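The structure appears right after this line, and notes come after that.
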Amino acid sequence: MNNNDPPNTDVPDPDAPNPDAPTPDHPLHLPNPLTIWGSSISDVHDVQIRVLVMGLRNGSMVMVSDNPQFGLGTLSISIPPNNISDRAIGTPITAFGFKNTTLTNIIGKRASKQLGQPVLAIVHLQDHDIPTKKLQKQVMETVAKALDRATAYLKKNQ
């Protein structure tokens, strides 16, 4: 190609708006993106535990990861306890994954009870040379901080 050739117009401009993106009048348009209600980061040995609590239209999502880029992991769905009995507990169901299922269910159950709404909990943790109980304790402390921040956010913004 010499300098006198016209530019190739078949290559899309990466800065141009996506023509396939849903417009505000399209049924798939998302007017309200995910809102982060609470977050927390903690260290255990040389591993950083990250927790995000995000609001959805009809529930919330709690993501736990040891990687800055969250990923899919064990997935649990929990509903809050009913108001009929003080002894009733939320019911977590593991929908995907096999690692950390008990931890994921506990996180989902605690979050649905504290937030009072259905929760999708996703835990993506790699294998580490950290004792399991120590890692789980640190994860739960980090989740508790993020849930407290989410609860404060909800009280302030509702």
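A note on labels: chains of the structure tokens are A, B, ... as shown, every chain counts residues from 1, and ligands are counted from 1 in their shown order.
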Within 10 Å of stretch 136-138 of chain A using only C-alpha atoms, minus same-chain residues under 3 positions, as a PyMOL selection string:
chain A and resi 42-44+48-49+100+103+130-133+141-144
Can you spit out the residues from that selection as a PDB file, in the first residue's frame, using C-alpha atoms?
ATOM      1  CA  SER A  42      -8.148  -8.212  52.841  1.00  0.00           C
ATOM      2  CA  ASP A  43      -4.860 -10.102  52.864  1.00  0.00           C
ATOM      3  CA  VAL A  44      -4.115 -13.557  54.146  1.00  0.00           C
ATOM      4  CA  GLN A  48      -5.726 -10.776  48.498  1.00  0.00           C
ATOM      5  CA  ILE A  49      -9.377 -11.625  49.057  1.00  0.00           C
ATOM      6  CA  ASN A 100     -15.957 -24.287  48.144  1.00  0.00           C
ATOM      7  CA  LEU A 103     -18.405 -21.620  51.936  1.00  0.00           C
ATOM      8  CA  ILE A 130      -2.985 -21.608  53.257  1.00  0.00           C
ATOM      9  CA  PRO A 131      -4.807 -23.741  55.826  1.00  0.00           C
ATOM     10  CA  THR A 132      -8.435 -24.037  54.716  1.00  0.00           C
ATOM     11  CA  LYS A 133      -9.896 -22.829  58.005  1.00  0.00           C
ATOM     12  CA  GLU A 141     -14.518 -11.547  57.715  1.00  0.00           C
ATOM     13  CA  THR A 142     -14.061  -9.810  54.362  1.00  0.00           C
ATOM     14  CA  VAL A 143     -17.598 -10.733  53.296  1.00  0.00           C
ATOM     15  CA  ALA A 144     -18.958  -9.399  56.608  1.00  0.00           C
TER      16      ALA A 144
END
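These are the residues of stretch 68-139 of chain A assigned strand (DSSP E) by DSSP from backbone coordinates: A:Thr74, A:Leu75, A:Ser76, A:Ile77, A:Ser78, A:Ile79, A:Thr91, A:Pro92, A:Ile93, A:Thr94, A:Ala95, A:Phe96, A:Val119, A:Leu120, A:Ala121, A:Ile122, A:Val123, A:His124.
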Could you dump the residues just selected with N, CA and C atoms as a PDB file, in the first residue's frame?
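Dumped to selection18.pdb:
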ATOM      1  N   THR A  74     -17.857 -21.305  42.050  1.00  0.00           N
ATOM      2  CA  THR A  74     -19.020 -21.981  42.605  1.00  0.00           C
ATOM      3  C   THR A  74     -20.121 -20.944  42.801  1.00  0.00           C
ATOM      4  N   LEU A  75     -21.312 -21.294  42.344  1.00  0.00           N
ATOM      5  CA  LEU A  75     -22.434 -20.363  42.325  1.00  0.00           C
ATOM      6  C   LEU A  75     -23.554 -20.901  43.197  1.00  0.00           C
ATOM      7  N   SER A  76     -24.046 -20.082  44.091  1.00  0.00           N
ATOM      8  CA  SER A  76     -25.122 -20.464  44.992  1.00  0.00           C
ATOM      9  C   SER A  76     -26.218 -19.405  44.939  1.00  0.00           C
ATOM     10  N   ILE A  77     -27.448 -19.863  45.007  1.00  0.00           N
ATOM     11  CA  ILE A  77     -28.592 -18.953  45.036  1.00  0.00           C
ATOM     12  C   ILE A  77     -29.267 -19.124  46.391  1.00  0.00           C
ATOM     13  N   SER A  78     -29.501 -18.013  47.071  1.00  0.00           N
ATOM     14  CA  SER A  78     -30.102 -18.060  48.407  1.00  0.00           C
ATOM     15  C   SER A  78     -31.280 -17.106  48.484  1.00  0.00           C
ATOM     16  N   ILE A  79     -32.287 -17.537  49.232  1.00  0.00           N
ATOM     17  CA  ILE A  79     -33.425 -16.661  49.490  1.00  0.00           C
ATOM     18  C   ILE A  79     -33.407 -16.312  50.970  1.00  0.00           C
ATOM     19  N   THR A  91     -32.582 -20.512  52.313  1.00  0.00           N
ATOM     20  CA  THR A  91     -32.275 -21.779  51.677  1.00  0.00           C
ATOM     21  C   THR A  91     -31.287 -21.581  50.543  1.00  0.00           C
ATOM     22  N   PRO A  92     -30.016 -21.954  50.736  1.00  0.00           N
ATOM     23  CA  PRO A  92     -29.063 -21.837  49.635  1.00  0.00           C
ATOM     24  C   PRO A  92     -29.097 -23.089  48.748  1.00  0.00           C
ATOM     25  N   ILE A  93     -28.933 -22.891  47.469  1.00  0.00           N
ATOM     26  CA  ILE A  93     -28.873 -23.994  46.508  1.00  0.00           C
ATOM     27  C   ILE A  93     -27.637 -23.783  45.654  1.00  0.00           C
ATOM     28  N   THR A  94     -26.754 -24.776  45.619  1.00  0.00           N
ATOM     29  CA  THR A  94     -25.584 -24.679  44.750  1.00  0.00           C
ATOM     30  C   THR A  94     -26.032 -25.007  43.334  1.00  0.00           C
ATOM     31  N   ALA A  95     -25.848 -24.051  42.445  1.00  0.00           N
ATOM     32  CA  ALA A  95     -26.307 -24.217  41.074  1.00  0.00           C
ATOM     33  C   ALA A  95     -25.181 -24.564  40.105  1.00  0.00           C
ATOM     34  N   PHE A  96     -23.945 -24.320  40.517  1.00  0.00           N
ATOM     35  CA  PHE A  96     -22.828 -24.517  39.597  1.00  0.00           C
ATOM     36  C   PHE A  96     -21.557 -24.629  40.416  1.00  0.00           C
ATOM     37  N   VAL A 119     -30.094 -13.664  46.854  1.00  0.00           N
ATOM     38  CA  VAL A 119     -28.683 -13.385  46.593  1.00  0.00           C
ATOM     39  C   VAL A 119     -28.094 -14.465  45.697  1.00  0.00           C
ATOM     40  N   LEU A 120     -27.332 -14.017  44.731  1.00  0.00           N
ATOM     41  CA  LEU A 120     -26.524 -14.900  43.895  1.00  0.00           C
ATOM     42  C   LEU A 120     -25.096 -14.749  44.409  1.00  0.00           C
ATOM     43  N   ALA A 121     -24.541 -15.808  44.985  1.00  0.00           N
ATOM     44  CA  ALA A 121     -23.177 -15.761  45.529  1.00  0.00           C
ATOM     45  C   ALA A 121     -22.249 -16.530  44.583  1.00  0.00           C
ATOM     46  N   ILE A 122     -21.126 -15.908  44.236  1.00  0.00           N
ATOM     47  CA  ILE A 122     -20.148 -16.539  43.362  1.00  0.00           C
ATOM     48  C   ILE A 122     -18.790 -16.482  44.058  1.00  0.00           C
ATOM     49  N   VAL A 123     -18.195 -17.642  44.280  1.00  0.00           N
ATOM     50  CA  VAL A 123     -16.891 -17.725  44.935  1.00  0.00           C
ATOM     51  C   VAL A 123     -15.901 -18.352  43.967  1.00  0.00           C
ATOM     52  N   HIS A 124     -14.861 -17.582  43.646  1.00  0.00           N
ATOM     53  CA  HIS A 124     -13.815 -18.031  42.716  1.00  0.00           C
ATOM     54  C   HIS A 124     -12.475 -17.925  43.432  1.00  0.00           C
TER      55      HIS A 124
END
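The smallest atom-to-atom distance between A:Met140 and any of A:Gly116, A:Gly108, A:Gly73, A:Gly97, using only C-alpha atoms, is found for A:Gly108.
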Fewer than 2 positions away in the same chain doesn't count, so skip those; otherwise give me all residues within 9 Å of A:Pro80, counting only C-alpha atoms, as a PyMOL selection string.
chain A and resi 78+82+89-91+109-119
Can I get the selected residues back with N, CA and C atoms, as a short mmCIF file (atom, residue, chain, number, x, y, z; two decimals), in the first residue's frame?
data_model
loop_
_atom_site.label_atom_id
_atom_site.label_comp_id
_atom_site.auth_asym_id
_atom_site.auth_seq_id
_atom_site.Cartn_x
_atom_site.Cartn_y
_atom_site.Cartn_z
N SER A 78 -29.50 -18.01 47.07
CA SER A 78 -30.10 -18.06 48.41
C SER A 78 -31.28 -17.11 48.48
N ASN A 82 -37.99 -16.49 55.90
CA ASN A 82 -39.32 -15.86 55.95
C ASN A 82 -39.54 -15.23 57.31
N ILE A 89 -34.52 -20.34 58.25
CA ILE A 89 -33.27 -19.86 57.67
C ILE A 89 -33.42 -19.79 56.16
N GLY A 90 -32.59 -18.98 55.54
CA GLY A 90 -32.58 -18.90 54.09
C GLY A 90 -32.14 -20.23 53.51
N THR A 91 -32.58 -20.51 52.31
CA THR A 91 -32.28 -21.78 51.68
C THR A 91 -31.29 -21.58 50.54
N LYS A 109 -26.30 -17.51 52.20
CA LYS A 109 -27.30 -17.50 53.28
C LYS A 109 -27.16 -16.28 54.16
N ARG A 110 -25.92 -15.95 54.54
CA ARG A 110 -25.69 -14.78 55.39
C ARG A 110 -26.09 -13.50 54.65
N ALA A 111 -25.71 -13.39 53.38
CA ALA A 111 -26.02 -12.18 52.61
C ALA A 111 -27.53 -12.02 52.41
N SER A 112 -28.23 -13.11 52.09
CA SER A 112 -29.69 -12.98 51.87
C SER A 112 -30.40 -12.60 53.16
N LYS A 113 -29.92 -13.12 54.28
CA LYS A 113 -30.54 -12.77 55.57
C LYS A 113 -30.27 -11.30 55.90
N GLN A 114 -29.01 -10.86 55.74
CA GLN A 114 -28.66 -9.49 56.11
C GLN A 114 -29.29 -8.47 55.16
N LEU A 115 -29.33 -8.77 53.87
CA LEU A 115 -29.86 -7.82 52.89
C LEU A 115 -31.37 -7.96 52.72
N GLY A 116 -31.94 -9.09 53.17
CA GLY A 116 -33.38 -9.28 53.08
C GLY A 116 -33.89 -9.49 51.67
N GLN A 117 -33.07 -10.10 50.83
CA GLN A 117 -33.47 -10.32 49.43
C GLN A 117 -32.70 -11.51 48.86
N PRO A 118 -33.17 -12.03 47.73
CA PRO A 118 -32.44 -13.14 47.10
C PRO A 118 -31.02 -12.72 46.73
N VAL A 119 -30.09 -13.66 46.85
CA VAL A 119 -28.68 -13.38 46.59
C VAL A 119 -28.09 -14.47 45.70
#
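The two atoms in question, atom CA of A:His128 and atom CA of A:Ser65, are spaced 12.6 Å apart.
Nearest to A:Val53 of all the residues A:Lys145, A:Gly71, A:Asn157, A:Lys99 is A:Lys145, based on only C-alpha atoms.
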Expected answer as a ChimeraX atom specification: alpha helix (DSSP H) residues in stretch 48-130 of chain A
/A:101-115
File of the preceding selection, N, CA and C atoms, as a PDB file, in the first residue's frame:
ATOM      1  N   THR A 101     -18.181 -25.314  48.029  1.00  0.00           N
ATOM      2  CA  THR A 101     -19.646 -25.249  48.017  1.00  0.00           C
ATOM      3  C   THR A 101     -20.206 -24.836  49.382  1.00  0.00           C
ATOM      4  N   THR A 102     -19.658 -25.362  50.456  1.00  0.00           N
ATOM      5  CA  THR A 102     -20.166 -25.000  51.790  1.00  0.00           C
ATOM      6  C   THR A 102     -19.929 -23.519  52.058  1.00  0.00           C
ATOM      7  N   LEU A 103     -18.727 -23.038  51.745  1.00  0.00           N
ATOM      8  CA  LEU A 103     -18.405 -21.620  51.936  1.00  0.00           C
ATOM      9  C   LEU A 103     -19.337 -20.742  51.107  1.00  0.00           C
ATOM     10  N   THR A 104     -19.572 -21.113  49.859  1.00  0.00           N
ATOM     11  CA  THR A 104     -20.448 -20.331  48.975  1.00  0.00           C
ATOM     12  C   THR A 104     -21.873 -20.303  49.517  1.00  0.00           C
ATOM     13  N   ASN A 105     -22.359 -21.451  49.990  1.00  0.00           N
ATOM     14  CA  ASN A 105     -23.715 -21.499  50.554  1.00  0.00           C
ATOM     15  C   ASN A 105     -23.834 -20.646  51.813  1.00  0.00           C
ATOM     16  N   ILE A 106     -22.812 -20.681  52.666  1.00  0.00           N
ATOM     17  CA  ILE A 106     -22.839 -19.865  53.894  1.00  0.00           C
ATOM     18  C   ILE A 106     -22.842 -18.378  53.544  1.00  0.00           C
ATOM     19  N   ILE A 107     -22.023 -17.994  52.573  1.00  0.00           N
ATOM     20  CA  ILE A 107     -21.981 -16.588  52.140  1.00  0.00           C
ATOM     21  C   ILE A 107     -23.342 -16.167  51.605  1.00  0.00           C
ATOM     22  N   GLY A 108     -23.931 -16.987  50.754  1.00  0.00           N
ATOM     23  CA  GLY A 108     -25.247 -16.665  50.194  1.00  0.00           C
ATOM     24  C   GLY A 108     -26.314 -16.561  51.255  1.00  0.00           C
ATOM     25  N   LYS A 109     -26.304 -17.507  52.204  1.00  0.00           N
ATOM     26  CA  LYS A 109     -27.302 -17.503  53.276  1.00  0.00           C
ATOM     27  C   LYS A 109     -27.159 -16.278  54.164  1.00  0.00           C
ATOM     28  N   ARG A 110     -25.921 -15.953  54.540  1.00  0.00           N
ATOM     29  CA  ARG A 110     -25.687 -14.778  55.388  1.00  0.00           C
ATOM     30  C   ARG A 110     -26.092 -13.497  54.646  1.00  0.00           C
ATOM     31  N   ALA A 111     -25.711 -13.393  53.379  1.00  0.00           N
ATOM     32  CA  ALA A 111     -26.024 -12.182  52.610  1.00  0.00           C
ATOM     33  C   ALA A 111     -27.531 -12.020  52.411  1.00  0.00           C
ATOM     34  N   SER A 112     -28.235 -13.106  52.090  1.00  0.00           N
ATOM     35  CA  SER A 112     -29.689 -12.983  51.868  1.00  0.00           C
ATOM     36  C   SER A 112     -30.405 -12.603  53.157  1.00  0.00           C
ATOM     37  N   LYS A 113     -29.923 -13.124  54.285  1.00  0.00           N
ATOM     38  CA  LYS A 113     -30.542 -12.765  55.568  1.00  0.00           C
ATOM     39  C   LYS A 113     -30.270 -11.302  55.903  1.00  0.00           C
ATOM     40  N   GLN A 114     -29.012 -10.864  55.741  1.00  0.00           N
ATOM     41  CA  GLN A 114     -28.658  -9.486  56.109  1.00  0.00           C
ATOM     42  C   GLN A 114     -29.286  -8.469  55.161  1.00  0.00           C
ATOM     43  N   LEU A 115     -29.326  -8.768  53.872  1.00  0.00           N
ATOM     44  CA  LEU A 115     -29.862  -7.821  52.891  1.00  0.00           C
ATOM     45  C   LEU A 115     -31.368  -7.958  52.717  1.00  0.00           C
TER      46      LEU A 115
END
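As for atom CA of A:Gln69 and atom CA of A:Ile36, they are spaced 15.4 Å apart.
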